[in-house]
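A.B. asks: Please find model_25.cif (mmCIF, C-alpha atoms) on the next line:
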```cif
data_entry
#
loop_
_atom_site.label_atom_id
_atom_site.label_comp_id
_atom_site.auth_asym_id
_atom_site.auth_seq_id
_atom_site.Cartn_x
_atom_site.Cartn_y
_atom_site.Cartn_z
CA MET I 1 -20.85 62.00 -3.86
CA ASP I 2 -18.94 58.74 -3.86
CA ASN I 3 -20.69 55.52 -4.85
CA LEU I 4 -20.58 54.03 -1.37
CA THR I 5 -22.71 56.93 -0.14
CA HIS I 6 -25.14 56.51 -3.04
CA SER I 7 -25.40 52.76 -2.36
CA LEU I 8 -25.98 53.26 1.37
CA VAL I 9 -28.71 55.81 0.65
CA GLY I 10 -30.46 53.35 -1.65
CA ALA I 11 -30.25 50.64 1.00
CA VAL I 12 -31.51 52.91 3.80
CA LEU I 13 -34.46 53.95 1.63
CA GLY I 14 -35.27 50.26 1.31
CA GLN I 15 -35.00 49.68 5.06
CA MET I 16 -37.34 52.62 5.68
CA GLY I 17 -40.03 50.28 4.35
CA LEU I 18 -39.85 50.71 0.59
CA LYS I 19 -38.40 47.23 0.12
CA LYS I 20 -41.73 45.75 1.21
CA LYS I 21 -43.58 47.37 -1.70
CA THR I 22 -42.44 44.92 -4.35
CA GLY I 23 -40.02 42.15 -5.14
CA LEU I 24 -36.54 43.26 -6.25
CA ALA I 25 -37.04 46.56 -4.44
CA MET I 26 -33.69 46.63 -2.64
CA PRO I 27 -31.45 45.90 -5.64
CA THR I 28 -33.49 48.32 -7.72
CA LEU I 29 -33.03 51.13 -5.19
CA ILE I 30 -29.29 50.53 -4.83
CA ILE I 31 -28.62 50.23 -8.56
CA ALA I 32 -30.82 53.22 -9.36
CA ALA I 33 -29.02 55.33 -6.75
CA ASN I 34 -25.79 54.77 -8.69
CA LEU I 35 -27.18 54.69 -12.22
CA PRO I 36 -26.34 58.26 -13.36
CA ASP I 37 -22.68 57.46 -12.73
CA ILE I 38 -22.54 55.33 -15.87
CA ASP I 39 -20.69 58.35 -17.23
CA ALA I 40 -17.69 57.25 -15.12
CA ALA I 41 -16.61 55.25 -18.17
CA CYS I 42 -15.43 58.51 -19.72
CA ALA I 43 -12.55 58.54 -17.19
CA VAL I 44 -10.50 56.82 -19.91
CA TYR I 45 -10.22 60.29 -21.50
CA GLY I 46 -8.23 61.59 -18.55
CA ILE I 47 -8.54 65.28 -17.75
CA GLU I 48 -10.98 65.72 -20.65
CA SER I 49 -13.51 63.69 -18.66
CA LEU I 50 -14.01 66.74 -16.41
CA SER I 51 -16.23 68.21 -19.12
CA MET I 52 -18.13 64.93 -19.54
CA ARG I 53 -18.86 63.86 -15.96
CA ARG I 54 -22.02 64.91 -14.11
CA GLY I 55 -23.61 66.12 -17.30
CA ILE I 56 -25.97 64.35 -19.69
CA THR I 57 -26.47 61.29 -17.44
CA HIS I 58 -27.40 63.59 -14.54
CA GLY I 59 -29.79 65.77 -16.56
CA PRO I 60 -33.57 65.64 -17.02
CA ILE I 61 -33.67 63.39 -20.10
CA ALA I 62 -31.44 60.74 -18.49
CA LEU I 63 -33.34 60.96 -15.21
CA LEU I 64 -36.53 60.27 -17.15
CA VAL I 65 -35.16 57.43 -19.30
CA LEU I 66 -32.64 55.62 -17.09
CA PRO I 67 -35.21 54.43 -14.48
CA ILE I 68 -37.39 53.02 -17.26
CA ILE I 69 -34.41 51.07 -18.67
CA LEU I 70 -33.56 49.72 -15.21
CA TRP I 71 -37.22 48.85 -14.62
CA GLY I 72 -37.33 46.86 -17.87
CA LEU I 73 -34.12 45.02 -17.00
CA MET I 74 -35.36 44.11 -13.52
CA LEU I 75 -38.65 42.80 -14.91
CA ALA I 76 -36.72 40.76 -17.47
CA PHE I 77 -34.46 39.40 -14.72
CA ASP I 78 -37.47 38.37 -12.64
CA ARG I 79 -39.04 36.59 -15.61
CA TRP I 80 -35.73 34.90 -16.47
CA GLN I 81 -35.37 33.56 -12.93
CA GLY I 82 -38.97 32.38 -13.01
CA ARG I 83 -38.50 30.44 -16.25
CA ARG I 84 -35.37 28.75 -14.89
CA GLY I 85 -37.01 27.94 -11.57
CA LYS I 86 -34.39 30.04 -9.76
CA ARG I 87 -36.69 32.71 -8.40
CA PRO I 88 -36.40 32.74 -4.57
CA ALA I 89 -39.63 31.53 -2.99
CA GLU I 90 -39.44 34.15 -0.25
CA ARG I 91 -39.22 37.06 -2.70
CA LEU I 92 -42.31 39.26 -2.88
CA PRO I 93 -44.20 39.32 -6.19
CA VAL I 94 -43.00 42.10 -8.48
CA HIS I 95 -45.41 45.03 -8.58
CA LYS I 96 -44.65 46.83 -11.83
CA GLY I 97 -45.91 50.21 -10.65
CA TRP I 98 -43.97 50.20 -7.41
CA LEU I 99 -40.84 48.84 -9.08
CA LEU I 100 -40.86 51.74 -11.54
CA ALA I 101 -41.51 54.23 -8.73
CA LEU I 102 -38.54 52.90 -6.76
CA ALA I 103 -36.32 53.12 -9.82
CA TYR I 104 -37.19 56.81 -10.05
CA ILE I 105 -36.78 57.41 -6.31
CA GLY I 106 -33.32 55.84 -6.30
CA CYS I 107 -32.24 57.61 -9.46
CA PHE I 108 -33.43 61.03 -8.27
CA SER I 109 -31.50 60.62 -5.02
CA HIS I 110 -28.27 60.65 -7.03
CA PRO I 111 -28.25 64.23 -8.39
CA ALA I 112 -29.73 65.47 -5.11
CA LEU I 113 -26.61 64.21 -3.33
CA ASP I 114 -24.15 65.21 -6.05
CA TRP I 115 -25.42 68.79 -5.93
CA LEU I 116 -24.37 69.08 -2.28
CA ASN I 117 -20.61 69.36 -2.89
CA ASN I 118 -18.52 71.90 -4.79
CA TYR I 119 -17.40 69.69 -7.69
CA GLY I 120 -20.47 70.73 -9.66
CA ILE I 121 -23.32 69.10 -11.56
CA ARG I 122 -25.06 70.13 -14.78
CA LEU I 123 -28.65 69.50 -13.71
CA LEU I 124 -30.18 70.87 -16.94
CA GLU I 125 -27.93 69.16 -19.48
CA PRO I 126 -28.46 69.05 -22.49
CA PHE I 127 -30.75 72.09 -22.34
CA SER I 128 -28.19 74.18 -20.45
CA HIS I 129 -24.49 73.71 -19.71
CA ARG I 130 -24.77 75.61 -16.43
CA TRP I 131 -23.04 74.08 -13.41
CA PHE I 132 -24.83 73.97 -10.04
CA TYR I 133 -23.07 73.78 -6.66
CA GLY I 134 -24.30 73.14 -3.11
CA ASP I 135 -20.91 73.74 -1.39
CA SER I 136 -22.20 72.10 1.80
CA ILE I 137 -20.84 68.54 1.98
CA PHE I 138 -17.36 67.19 1.22
CA ILE I 139 -17.45 64.80 -1.74
CA ILE I 140 -16.52 61.85 0.55
CA ASP I 141 -18.08 62.38 3.97
CA LEU I 142 -17.06 59.89 6.64
CA TRP I 143 -19.82 61.04 9.02
CA ILE I 144 -22.50 60.30 6.41
CA TRP I 145 -20.95 56.86 5.87
CA ILE I 146 -21.08 56.12 9.60
CA ALA I 147 -24.64 57.38 10.11
CA LEU I 148 -26.01 55.49 7.11
CA ALA I 149 -24.10 52.28 7.84
CA VAL I 150 -25.06 52.19 11.53
CA SER I 151 -28.73 52.91 10.88
CA LEU I 152 -28.77 50.27 8.13
CA TRP I 153 -27.10 47.68 10.37
CA LEU I 154 -29.44 48.36 13.29
CA SER I 155 -32.49 48.13 11.06
CA LEU I 156 -31.38 44.86 9.47
CA ARG I 157 -30.55 43.38 12.88
CA ARG I 158 -33.98 44.27 14.24
CA GLU I 159 -35.63 42.84 11.15
CA ARG I 160 -33.76 39.54 11.51
CA ARG I 161 -34.91 39.34 15.12
CA GLY I 162 -38.50 39.87 14.06
CA ALA I 163 -38.91 43.24 15.79
CA VAL I 164 -42.01 45.17 14.78
CA ASN I 165 -40.17 48.52 14.70
CA TRP I 166 -37.29 47.40 12.44
CA ARG I 167 -37.81 50.42 10.16
CA ARG I 168 -37.17 52.95 12.95
CA PRO I 169 -33.34 53.01 12.84
CA ALA I 170 -33.42 53.63 9.08
CA TRP I 171 -35.87 56.51 9.55
CA ILE I 172 -33.73 57.96 12.35
CA GLY I 173 -30.61 57.70 10.19
CA PHE I 174 -32.35 59.30 7.22
CA THR I 175 -33.67 62.14 9.39
CA ALA I 176 -30.25 62.67 10.98
CA ILE I 177 -28.58 62.92 7.58
CA CYS I 178 -31.17 65.45 6.39
CA ALA I 179 -30.53 67.53 9.54
CA TYR I 180 -26.77 67.21 9.02
CA ILE I 181 -27.08 68.47 5.45
CA PHE I 182 -29.29 71.37 6.57
CA VAL I 183 -26.84 72.43 9.30
CA ASN I 184 -23.93 72.23 6.87
CA GLY I 185 -25.85 74.45 4.47
CA LEU I 186 -26.29 77.02 7.24
CA ILE I 187 -22.55 76.91 8.04
CA THR I 188 -21.65 77.41 4.38
CA GLY I 189 -24.04 80.36 4.11
CA ALA I 190 -22.61 81.98 7.25
CA ALA I 191 -19.03 81.47 6.04
CA GLU I 192 -19.71 83.00 2.63
CA ARG I 193 -21.50 85.99 4.14
CA MET I 194 -18.62 86.62 6.56
CA ALA I 195 -16.03 86.49 3.79
CA SER I 196 -18.10 88.63 1.43
CA ARG I 197 -18.51 91.37 4.07
CA ALA I 198 -14.80 91.35 4.88
CA LEU I 199 -13.83 91.51 1.21
CA GLU I 200 -16.26 94.33 0.55
CA ALA I 201 -14.89 96.30 3.49
CA GLY I 202 -11.33 95.61 2.31
CA GLY I 203 -11.96 96.98 -1.16
CA GLN I 204 -12.33 93.69 -3.02
CA LYS I 205 -15.58 94.40 -4.81
CA ASP I 206 -17.89 91.87 -6.49
CA ALA I 207 -15.86 88.85 -5.38
CA LEU I 208 -17.03 85.30 -6.03
CA VAL I 209 -16.89 83.53 -2.66
CA VAL I 210 -17.02 79.74 -2.31
CA ALA I 211 -16.97 77.99 1.07
CA SER I 212 -15.90 74.36 1.07
CA PRO I 213 -16.00 71.88 3.99
CA PRO I 214 -12.70 70.07 4.57
CA PRO I 215 -12.58 66.29 5.13
CA LEU I 216 -13.74 65.18 8.59
CA ALA I 217 -13.94 68.67 10.17
CA PHE I 218 -17.38 69.36 8.70
CA TRP I 219 -17.96 72.35 10.99
CA LYS I 220 -15.08 74.29 9.43
CA ARG I 221 -14.98 75.98 6.05
CA ASP I 222 -12.09 76.59 3.69
CA ILE I 223 -13.09 79.67 1.70
CA PHE I 224 -11.92 80.66 -1.75
CA TRP I 225 -12.55 84.09 -3.27
CA ARG I 226 -11.75 85.74 -6.55
CA THR I 227 -12.35 89.00 -8.36
CA ALA I 228 -11.74 89.78 -12.00
CA ASP I 229 -7.97 89.61 -11.55
CA ARG I 230 -7.10 88.34 -8.05
CA TYR I 231 -7.79 85.31 -5.89
CA GLY I 232 -7.30 84.42 -2.26
CA THR I 233 -8.42 82.31 0.65
CA ALA I 234 -10.18 82.59 3.99
CA SER I 235 -11.28 80.32 6.83
CA PHE I 236 -14.32 80.09 9.06
CA VAL I 237 -15.37 78.27 12.22
CA PRO I 238 -18.89 78.79 13.63
CA GLY I 239 -18.77 80.73 16.89
CA ALA I 240 -15.13 81.70 16.40
CA GLY I 241 -15.47 83.71 13.20
CA GLY I 242 -12.90 83.63 10.45
CA GLU I 243 -9.86 85.14 8.81
CA VAL I 244 -9.73 86.55 5.29
CA ASP I 245 -6.63 87.13 3.18
CA LEU I 246 -7.54 90.47 1.58
CA THR I 247 -4.40 90.73 -0.57
CA GLY I 248 -4.63 87.62 -2.69
CA ALA I 249 -2.60 86.94 -5.81
CA PRO I 250 -3.10 87.49 -9.55
CA THR I 251 -5.27 84.83 -11.19
CA GLY I 252 -3.06 84.89 -14.27
CA MET I 253 -6.11 84.41 -16.48
CA GLY I 254 -5.22 87.61 -18.34
CA ASP I 255 -2.09 85.99 -19.78
CA PRO I 256 -2.21 86.86 -23.52
CA ARG I 257 -0.85 83.42 -24.43
CA LEU I 258 -3.89 81.62 -23.05
CA ALA I 259 -6.32 82.34 -25.87
CA THR I 260 -4.09 80.76 -28.53
CA TRP I 261 -2.69 77.93 -26.43
CA VAL I 262 -6.08 76.81 -25.13
CA LYS I 263 -7.47 76.55 -28.66
CA ALA I 264 -4.84 73.95 -29.48
CA ASP I 265 -5.31 71.85 -26.35
CA PRO I 266 -8.58 69.87 -25.93
CA ALA I 267 -7.69 69.01 -22.32
CA ALA I 268 -7.36 72.71 -21.50
CA ARG I 269 -10.69 73.48 -23.15
CA ALA I 270 -12.36 70.71 -21.17
CA PHE I 271 -10.74 71.92 -17.97
CA LEU I 272 -11.89 75.51 -18.44
CA PHE I 273 -15.41 74.33 -19.27
CA TRP I 274 -15.50 72.56 -15.91
CA SER I 275 -13.44 74.98 -13.83
CA ARG I 276 -15.33 77.34 -11.57
CA MET I 277 -12.31 79.26 -10.25
CA PRO I 278 -9.48 78.86 -12.78
CA VAL I 279 -5.95 80.05 -12.08
CA ALA I 280 -3.09 80.26 -14.57
CA GLN I 281 0.44 79.96 -13.15
CA SER I 282 3.74 80.19 -15.01
CA ASP I 283 5.64 76.92 -15.09
CA GLY I 284 8.86 77.66 -16.95
CA ASP I 285 7.92 78.09 -20.60
CA ALA I 286 4.50 76.55 -19.88
CA ILE I 287 1.29 77.63 -18.18
CA LEU I 288 -0.24 75.52 -15.44
CA LEU I 289 -4.03 75.70 -15.32
CA ARG I 290 -5.48 74.89 -11.91
CA ASP I 291 -8.70 75.43 -9.97
CA GLN I 292 -8.75 77.14 -6.57
CA ARG I 293 -11.11 74.53 -5.16
CA PHE I 294 -8.68 71.69 -5.85
CA MET I 295 -5.22 73.08 -5.16
CA HIS I 296 -4.60 70.86 -2.13
CA PRO I 297 -1.43 68.77 -2.67
CA LEU I 298 -3.44 65.54 -2.44
CA ALA I 299 -5.85 66.60 -5.19
CA GLN I 300 -4.05 69.04 -7.45
CA ASP I 301 -2.45 66.46 -9.76
CA ARG I 302 -5.90 65.26 -10.91
CA PHE I 303 -7.21 68.78 -11.46
CA GLN I 304 -4.63 70.63 -13.52
CA VAL I 305 -3.46 70.99 -17.10
CA ARG I 306 0.03 71.97 -18.24
CA LEU I 307 -0.18 74.13 -21.34
CA THR I 308 2.70 74.55 -23.73
CA ALA I 309 3.08 76.64 -26.87
CA PRO I 310 1.20 74.96 -29.72
CA ASP I 311 2.79 73.78 -32.93
CA THR I 312 1.78 76.70 -35.13
CA ALA I 313 2.10 74.53 -38.23
CA SER I 314 -0.64 72.26 -36.88
CA HIS I 315 -2.54 74.99 -35.04
CA PRO I 316 -2.09 78.27 -36.96
CA GLU I 317 -3.16 81.40 -35.11
#
```
Go through the file and emit its structure as structure tokens.
C.D. replies:
Amino acid sequence: MDNLTHSLVGAVLGQMGLKKKTGLAMPTLIIAANLPDIDAACAVYGIESLSMRRGITHGPIALLVLPIILWGLMLAFDRWQGRRGKRPAERLPVHKGWLLALAYIGCFSHPALDWLNNYGIRLLEPFSHRWFYGDSIFIIDLWIWIALAVSLWLSLRRERRGAVNWRRPAWIGFTAICAYIFVNGLITGAAERMASRALEAGGQKDALVVASPPPLAFWKRDIFWRTADRYGTASFVPGAGGEVDLTGAPTGMGDPRLATWVKADPAARAFLFWSRMPVAQSDGDAILLRDQRFMHPLAQDRFQVRLTAPDTASHPE
């Protein structure tokens, strides 16, 4: 998910009452909720960053170590402020145990959210390179933003007014988001089952079917399917059913040039490592590698590689 969502989740967790467990609880939760995204620095590598993101910093070793590092930094910050006489008088004393627990809670919330969309996350890296997908929530969900922001604002306003039940809006917002995620999971499951049955009946056997929520219209699903040599699309709306394109088009992944050309192009290798539903399209004398999930005109430029014939002197076959 985007970092605004991660930050809002960390803040709502604090407003649910966790911020009263120790000093520096709120900044710890918010920072920890974003911490695995330190791998965003690899964006300087362009398309090759697709094989680097949501990997090692989202895996079990990082999720064990990163909270401890943050915990140590927050303790050091508290001591530094104390020595300089800058520590706010109203801040709660730092409870080391709770501070560490909150660092883990915030950090664990990150992969839990990232798993929900169809971009992918390597939850077991470095022990396994397998990608995991939830296919239930769009990567930037406006409705989640609104629900989290409103519940956070209401909770903070009640707290400033001295209301006893200031935690309630945060709890309601958190519960609503959990219900929203659950319902979206049910919609995705129904969409994929519908498309799979239609494809099976239409003679497209053993198809991979991926349902993806579009922006804003969370109740709808854009569906992508592929077999060994063809790919196509479908759509689904709960209560109205869906339509499936049973014909599809060739994936192009059987192009004999691919094996040699990919070897000579690190961006192509990175792209294929990340790609869940790759498609190869002729582009003059080149091959355009794309992914079915990200072929929308607004996204396709950031998720494609143009392959050309390698210099055989530098890359002999």
A.B. asks: Between I:Lys220, I:Arg276, I:Arg197, I:Arg306, which one has atoms that come closest to Phe294 in chain I, using all atoms listed in the file?
C.D. replies: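 Closest candidate: I:Arg276.
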A.B. asks: Check what the PyMOL selection byres ((chain I and resi 78) around 12) selects in the file above and give those residues as a short mmCIF file (atom, residue, chain, number, x, y, z; two decimals) with C-alpha atoms, in the coordinates of the input.
C.D. replies:
```cif
data_model
loop_
_atom_site.label_atom_id
_atom_site.label_comp_id
_atom_site.auth_asym_id
_atom_site.auth_seq_id
_atom_site.Cartn_x
_atom_site.Cartn_y
_atom_site.Cartn_z
CA THR I 22 -42.44 44.92 -4.35
CA GLY I 23 -40.02 42.15 -5.14
CA LEU I 24 -36.54 43.26 -6.25
CA ALA I 25 -37.04 46.56 -4.44
CA PRO I 27 -31.45 45.90 -5.64
CA THR I 28 -33.49 48.32 -7.72
CA TRP I 71 -37.22 48.85 -14.62
CA GLY I 72 -37.33 46.86 -17.87
CA LEU I 73 -34.12 45.02 -17.00
CA MET I 74 -35.36 44.11 -13.52
CA LEU I 75 -38.65 42.80 -14.91
CA ALA I 76 -36.72 40.76 -17.47
CA PHE I 77 -34.46 39.40 -14.72
CA ARG I 79 -39.04 36.59 -15.61
CA TRP I 80 -35.73 34.90 -16.47
CA GLN I 81 -35.37 33.56 -12.93
CA GLY I 82 -38.97 32.38 -13.01
CA ARG I 83 -38.50 30.44 -16.25
CA ARG I 84 -35.37 28.75 -14.89
CA GLY I 85 -37.01 27.94 -11.57
CA LYS I 86 -34.39 30.04 -9.76
CA ARG I 87 -36.69 32.71 -8.40
CA PRO I 88 -36.40 32.74 -4.57
CA ARG I 91 -39.22 37.06 -2.70
CA LEU I 92 -42.31 39.26 -2.88
CA PRO I 93 -44.20 39.32 -6.19
CA VAL I 94 -43.00 42.10 -8.48
CA HIS I 95 -45.41 45.03 -8.58
CA LYS I 96 -44.65 46.83 -11.83
CA LEU I 99 -40.84 48.84 -9.08
#
```
A.B. asks: Give me the box for range 38-56 of chain I as lines of an AutoDock Vina configuration file, namely the centre and edge lengths in Å to one decimal of a box along x, y and z that holds every listed atom plus 6 Å on each side.
C.D. replies:
```
center_x = -17.1
center_y = 61.7
center_z = -17.8
size_x = 29.7
size_y = 25.0
size_z = 19.4
```
A.B. asks: Extract, using only C-alpha atoms, all DNA, RNA and protein residues at most 9 Å from range 162-174 of chain I, discarding same-chain residues fewer than 5 positions from it, and format them as a list in words.
C.D. replies: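 The neighbour list is Val9, Val12, Leu13, Gly14, Gln15, Met16, Gly17, Ala147, Leu148, Ala149, Val150, Ser151, Leu152, Trp153, Leu154, Ser155, Leu156, Arg157 and Ala179 of chain I.
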A.B. asks: Restricting the calculation to all atoms listed in the file: of I:Pro238, I:Pro215, I:Gly284, I:Pro278, which residue gets closest to Phe303 in chain I?
C.D. replies: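 Between I:Pro238, I:Pro215, I:Gly284, I:Pro278, the residue approaching Phe303 in chain I most closely is I:Pro278.
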A.B. asks: Regenerate range 264-274 of chain I at the level of all heavy atoms and dump it as a short mmCIF file (atom, residue, chain, number, x, y, z; two decimals), keeping the file's coordinate frame.
C.D. replies:
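File result.cif, as written:
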```cif
data_model
loop_
_atom_site.label_atom_id
_atom_site.label_comp_id
_atom_site.auth_asym_id
_atom_site.auth_seq_id
_atom_site.Cartn_x
_atom_site.Cartn_y
_atom_site.Cartn_z
N ALA I 264 -5.56 75.10 -28.94
CA ALA I 264 -4.84 73.95 -29.48
C ALA I 264 -4.79 72.77 -28.51
O ALA I 264 -4.20 71.73 -28.84
CB ALA I 264 -3.41 74.37 -29.84
N ASP I 265 -5.41 72.90 -27.37
CA ASP I 265 -5.31 71.85 -26.35
C ASP I 265 -6.71 71.44 -25.88
O ASP I 265 -7.34 72.15 -25.09
CB ASP I 265 -4.48 72.36 -25.17
CG ASP I 265 -4.09 71.25 -24.20
OD1 ASP I 265 -4.94 70.37 -23.93
OD2 ASP I 265 -2.94 71.24 -23.72
N PRO I 266 -7.22 70.30 -26.32
CA PRO I 266 -8.58 69.87 -25.93
C PRO I 266 -8.70 69.64 -24.42
O PRO I 266 -9.78 69.87 -23.84
CB PRO I 266 -8.80 68.58 -26.70
CG PRO I 266 -7.45 68.12 -27.12
CD PRO I 266 -6.62 69.35 -27.28
N ALA I 267 -7.63 69.21 -23.77
CA ALA I 267 -7.69 69.01 -22.32
C ALA I 267 -7.88 70.34 -21.60
O ALA I 267 -8.63 70.44 -20.64
CB ALA I 267 -6.42 68.32 -21.83
N ALA I 268 -7.22 71.37 -22.10
CA ALA I 268 -7.36 72.71 -21.50
C ALA I 268 -8.77 73.25 -21.71
O ALA I 268 -9.35 73.86 -20.81
CB ALA I 268 -6.33 73.67 -22.09
N ARG I 269 -9.32 73.02 -22.89
CA ARG I 269 -10.69 73.48 -23.15
C ARG I 269 -11.68 72.76 -22.23
O ARG I 269 -12.61 73.38 -21.70
CB ARG I 269 -11.05 73.25 -24.62
CG ARG I 269 -10.25 74.11 -25.59
CD ARG I 269 -10.90 74.14 -26.97
NE ARG I 269 -11.05 72.82 -27.55
CZ ARG I 269 -10.12 72.22 -28.29
NH1 ARG I 269 -8.96 72.82 -28.51
NH2 ARG I 269 -10.33 71.03 -28.82
N ALA I 270 -11.48 71.47 -22.07
CA ALA I 270 -12.36 70.71 -21.17
C ALA I 270 -12.22 71.20 -19.74
O ALA I 270 -13.22 71.35 -19.01
CB ALA I 270 -12.03 69.22 -21.26
N PHE I 271 -10.98 71.46 -19.33
CA PHE I 271 -10.74 71.92 -17.97
C PHE I 271 -11.42 73.26 -17.71
O PHE I 271 -12.07 73.45 -16.67
CB PHE I 271 -9.23 72.05 -17.73
CG PHE I 271 -8.87 72.51 -16.35
CD1 PHE I 271 -8.74 71.62 -15.30
CD2 PHE I 271 -8.67 73.87 -16.08
CE1 PHE I 271 -8.43 72.04 -14.02
CE2 PHE I 271 -8.35 74.30 -14.81
CZ PHE I 271 -8.23 73.40 -13.78
N LEU I 272 -11.30 74.19 -18.63
CA LEU I 272 -11.89 75.51 -18.44
C LEU I 272 -13.42 75.46 -18.51
O LEU I 272 -14.10 76.29 -17.90
CB LEU I 272 -11.33 76.49 -19.47
CG LEU I 272 -9.86 76.87 -19.26
CD1 LEU I 272 -9.38 77.79 -20.37
CD2 LEU I 272 -9.65 77.53 -17.90
N PHE I 273 -13.97 74.50 -19.25
CA PHE I 273 -15.41 74.33 -19.27
C PHE I 273 -15.92 73.91 -17.90
O PHE I 273 -16.97 74.35 -17.43
CB PHE I 273 -15.80 73.28 -20.32
CG PHE I 273 -17.25 72.88 -20.28
CD1 PHE I 273 -18.23 73.73 -20.77
CD2 PHE I 273 -17.65 71.66 -19.73
CE1 PHE I 273 -19.57 73.38 -20.73
CE2 PHE I 273 -18.98 71.30 -19.68
CZ PHE I 273 -19.95 72.16 -20.18
N TRP I 274 -15.13 73.05 -17.24
CA TRP I 274 -15.50 72.56 -15.91
C TRP I 274 -15.14 73.53 -14.80
O TRP I 274 -15.88 73.68 -13.83
CB TRP I 274 -14.81 71.22 -15.66
CG TRP I 274 -14.79 70.80 -14.23
CD1 TRP I 274 -15.80 70.21 -13.52
CD2 TRP I 274 -13.71 70.97 -13.30
NE1 TRP I 274 -15.40 69.99 -12.22
CE2 TRP I 274 -14.13 70.45 -12.06
CE3 TRP I 274 -12.42 71.51 -13.42
CZ2 TRP I 274 -13.30 70.45 -10.93
CZ3 TRP I 274 -11.60 71.51 -12.30
CH2 TRP I 274 -12.05 70.98 -11.08
#
```
